[in-house]
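K.L.:
Take this structure, written in structure tokens, and hold onto it; I'll ask about it next.
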Amino acid sequence: MNGPALPPLSDESTGSERIAADGTLPFRKPRLEAAIGWLAACGFLFLAVVTVVVGVQSRERAIDGAQERARAAVRVLAEHAARLFDAADLLVEYAAQESAGRPWTEVAGSRVLWDKLNAQRARLPFLDAIWLNDATGLLRLTTAAFPAPYSDASDREIFLFHQRNAQQGRLVDQPHVGPRIIGRVTNKATFLLSRRLSEPDGGFRGIASVTIDPSYLSGFYKELDLPHEPVTILVRAGSLDVLVREPDSSAEPAPLSDTARRAIEAEPDGGIARDSATIVAHRRVDSWPVHVVVRLDLAPILASWQRLIAPYAGLAAAAAMALAALSVFGFRQAGAARQVRRELERRVRDRTASLERTIGERDAVLAQKDLLMREANHRIKNSLQVVSSLLSLQGQAVGDAQLSEHLLEAGRRVQAIADIHRLLYRVDDVHFIPFHDYLTELCRELERSARSEGGNWRLELVVEPVEVPTDHAVQLGLLANELVMNAIKHAYRPLASTMVGVAAGSQAGTPDRAPEDTNVIVVGLRRDGETLQMIVGDRGVGLPPDFDWRRSRSLGMRLIHTLSKQLDAILSIENTDPGVRFTISLPHRFTVGGSPD
């Protein structure tokens with residue numbers, strides 16, 4: 001190389017301190033020690049970020065998991081409460097129907113009615129008793145005792161609710177869930193589900209109600225296997241006063257928290273809310289005016305999360321210690337690596353220069369070889385065209401018609417081979433040629449030549465894009481030439497018999513539209529699975545019944561037979577009535593270079 005010599009390197013200099021050949025300072029690479037330091041710092045930062053991210057994400061996943069479990073719990077509890085209220089309401093309707101149409105004196109003194117209601121009530125363990133009160137609020141019948149003790153419910157909310165609806169002319173019999181009360185007869189905590197009783201004329205007759213035992217619901221909530229010891233609450237819609245709370249040891253349950261109230265008011269049908277200390281999930285119980293609430297404290301959830309994350313924190317600490325040890329080891333190896341790097345850089349430069357020279361020489365040889373191959377194919381094509389032209393001229397000059405035809409056929413065969421070589425010096429990949437292009441040009445040329453000799457000839461082409469190996473292109477091209485020429489000569493004997501020969505390379509034009517008596521020859525090229533098929537068919541006179549192409553002494557048929565054997569192809573001939581069809585089936589290797597459909 002021409003240029004200023006590089007200054008010698010001192011013992012303290014590194015690869016990044018070398019001066020470039022043009023005298024300028026190259027980009028300074030960081031020293032290995034600096035790189036190790038940066039890597040160590042990035043490693044520690046990465047560990048810290050990963051630890052924080054994993055911790056935060058796992059904390060959020062723990063809280064999200066608790067929220068999902070709370071949602072699932074309120075769905076189950078809402079379904080349970082809905083079935084409970086549906087059953088209680090059915091019992092209320094049953095009591096209303098059984099007492100309808102009877103005077104209150106008869107209802108109060110009917111032991112049979114009491115037994116029937118008590119039998120139905122016993123089937124539902126979560127219900128304490130059935131109550132029937134007249135229009136003044138006086139208790140007339142209860143399954144708690146017979147006869148019914150004195151009790152006046154005229155000041156109770158449930159009685160006032162139905163009485164007010166009756167006075168306002170509301171005809172819809174709307175069920176009502178009352179607040180939690182201490183029963184005047186049973187003297188224990190309970191709440192009632194009630195419906196209005198109506199006279200036949202729609203007047204207010206009284207109420208029918210059942211008492212639901214809160215302890216039954218508390219026991220059910222206690223048996224549920226819910227994590228983190230949740231608080232389960234059943235509240236009335238609207239006022240949001242508590243009907244059931246589990247766990248709660250006090251006689252009067254604690255009121256609903258502000259977070260839960262705001263959550264229910266914001267999403268009456270159901271949802272979830274969270275503050276700094278609790279998670280609250282709630283859901284309305286179908287069409288009933290009650291809500292189920294599940295409250296989880298965050299403290300046990302976070303404690304469980306801390307126990308889960310502790311091993312990962314220890315693993316991060318161990319990774320940090322290992323990273324520190326590796327950094328120290330890397331600094332110690334940096335000095336030794338510097339010397340090794342200098343030697344390797346020198347060897348790489350030498351090897352790279354040698355490889356570039358070798359690649360350049362190889363590319364030049366390949367380019368020269370490709371040029372020689374194209375030039376050889378071009379010269380072969382020109383020589384074959386000269387031979388074809390000489391044979392055609394000689395055939396036209398001789399006086400013997402049979403000899404003239406033989407010479408012209410030989411010229412066409414040589415021209416078919418020349419066309420193969422013409423394609424070879426045009427394509428980029430000399431290992432395969434686009435045979436569909438070759439077959440199309442061959443057929444068009446034969447069609448023009450046939451028309452120039454007289455007769456209405458038309459070749460119908462149905463070809464698919466196919467590439468074939470160069471080694472077999474000549475045989476396949478000769479096969480196509482022989483099959484098409486065989487059809488032109490023999491398919492339509494009355495018109496074809498006038499052909500003495502077809503001049504190779506004729507420039508006769510093709511008519512825009514063939515008449516109705518056109519002699520049609522169909523040429524096809526297609527892939528059928530793993531087989532390449534070339535088909536030549538006509539609609540002419542067909543073959544004689546006793547014709548055996550394997551024993552034919554015709555040069556064309558012998559060529560077809562020989563070329564098929566060389567290609568390992570299967571030749572099939574069938575009379576199509578009218579006409580005949582030749583099919584050449586080639587094996588899988590001919591479609592390897594095929595273009596996609």
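As shown in the structure tokens, the chain order sets the letters A, B, ...; within each chain, residues go from 1, and ligands are also counted from 1 in the order they appear.
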Which residues are near Pro179 (chain A)? Cut-off 10 Å, only C-alpha atoms, ignore same chain within fewer than 3 positions. Put them as a VMD selection string.

P.N.:
chain A and resid 156 to 158 176 182 190 to 193 235 to 236 239 to 243

K.L.:
Between A:Val76, A:Ala303, A:Leu90, A:Ala144, which has the minimum distance to Thr232 (chain A) (counting only C-alpha atoms)?

P.N.:
A:Val76

K.L.:
Check the DSSP output for the backbone and give back, as a count of residues only, the residues of region 39-260 of chain A in strand (DSSP E or B).

P.N.:
49

K.L.:
Of the candidates A:Pro125, A:Gly537, A:Gly169, A:Pro149, which one gets nearest to Thr186 (chain A) if we count only C-alpha atoms?

P.N.:
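So, comparing all the options, the nearest one is A:Pro149.
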
K.L.:
Compile the contact shell of Gly206 (chain A) as a ChimeraX atom specification: residues with an atom at most 6 Å away, counting only C-alpha atoms, same-chain residues fewer than 5 positions apart removed.

P.N.:
/A:133-135,197

K.L.:
Could you pull the residues within 9 Å of Gly556 (chain A), counting only C-alpha atoms, minus those fewer than 5 positions along the same chain, as a ChimeraX atom specification?

P.N.:
/A:482-483,485-486,561
